Amino acid sequence: MLPGFQSPAVGFDQPFEMLEACHERVQRSVALLQRLAEHLHRVGNDAPARQAAADVLRYFDVAAPHHHEDEERHVFPPLLALPRDAAHAAVHAAVRRLQQDHRLMHHLWQGLREALQRIAQGQEADFSHQELELLQRFIGLYDSHIALEETVIYPAARGRLSARDQAAMGLEMASRRGVVSTGPTAATR
């Protein structure tokens, strides 16, 4: 059985908590992707496998791009605006790496997406060897990416953004998703 997952209840009124909750959903989605690969190898492409493939597709086609855009619009710019000096060099380098990660994640996702679509439609029974390698790169990239954001980037950005800036950030994030409420129930998108 390949169960999906539920989203943590946090709202856009707490944008950094929302970004961290997105990381939890990313981690659950990549874990589901890993379990799917194991299930396909052991059992084959059955109804639970097709549903898992559809769940992973939905997350990385919709929610993950929003999350990356949130960071590109709201988290990275204030850090890149820091003086270009030795005191901020590590933060600048981390942001540049994360921006590069976003581009690579998008590229890797395109290869995985095609395979997952075929699996979700019952056209493929398993991942190819090349697709499994792509899957492992995708998972590993997300693991290191999330760790860097949560240990370096988010703390630095929180320190740069006032409560007012964070409120505006949350409102823009919600608006881009078509969410009117910014409370905990808005977190499902």
# chains A, B, ... in the order shown; residues from 1 in each chain; ligands from 1
>>> residues_around(residues="Arg137 (chain A)", least_positions_apart="2", cutoff="12 Å", atoms="only C-alpha atoms", output="ChimeraX atom specification")
/A:30,34,101,104-105,107-109,111-112,130-135,139-145
>>> select_by_dssp(residues="region 41-141 of chain A", states="alpha helix (DSSP H)", output="VMD selection string")
chain A and resid 41 to 42 47 to 58 64 to 70 76 to 80 89 to 120 129 to 141
>>> closest_residue(among="A:Gln14, A:Ser128, A:Gln27, A:Gln123", to="Met173 (chain A)", atoms="only C-alpha atoms")
A:Gln14
>>> closest_atom_pairs(of="region 63-90 of chain A", to="region 149-160 of chain A", cutoff="9 Å", atoms="only C-alpha atoms", output="tab-separated table")
residue	atom	partner	partner_atom	distance
A:His74	CA	A:Ala157	CA	8.7
A:Val75	CA	A:Ala157	CA	5.9
A:Phe76	CA	A:Ala157	CA	7.6
A:Pro78	CA	A:Arg160	CA	6.8
A:Leu79	CA	A:Ala157	CA	6.3
>>> residues_around(residues="His67 (chain A)", least_positions_apart="5", cutoff="9 Å", atoms="only C-alpha atoms", output="ChimeraX atom specification")
/A:19,22-23,72,173
>>> atom_distance(atom1="CA of Arg25 (chain A)", atom2="CA of Val10 (chain A)")
12.2 Å
>>> residues_around(residues="Asp61 (chain A)", least_positions_apart="3", cutoff="10 Å", atoms="only C-alpha atoms", output="list of chain:residue names")
A:Asp55, A:Val56, A:Leu57, A:Arg58, A:Ala64, A:Pro65, A:His66, A:His106, A:Trp109, A:Gln110, A:Arg113
>>> atom_distance(atom1="CA of Phe138 (chain A)", atom2="CA of Glu124 (chain A)")
20.0 Å
>>> closest_residue(among="A:Arg177, A:Ala54, A:Ala49, A:Val91", to="Gln117 (chain A)", atoms="only C-alpha atoms")
A:Ala54
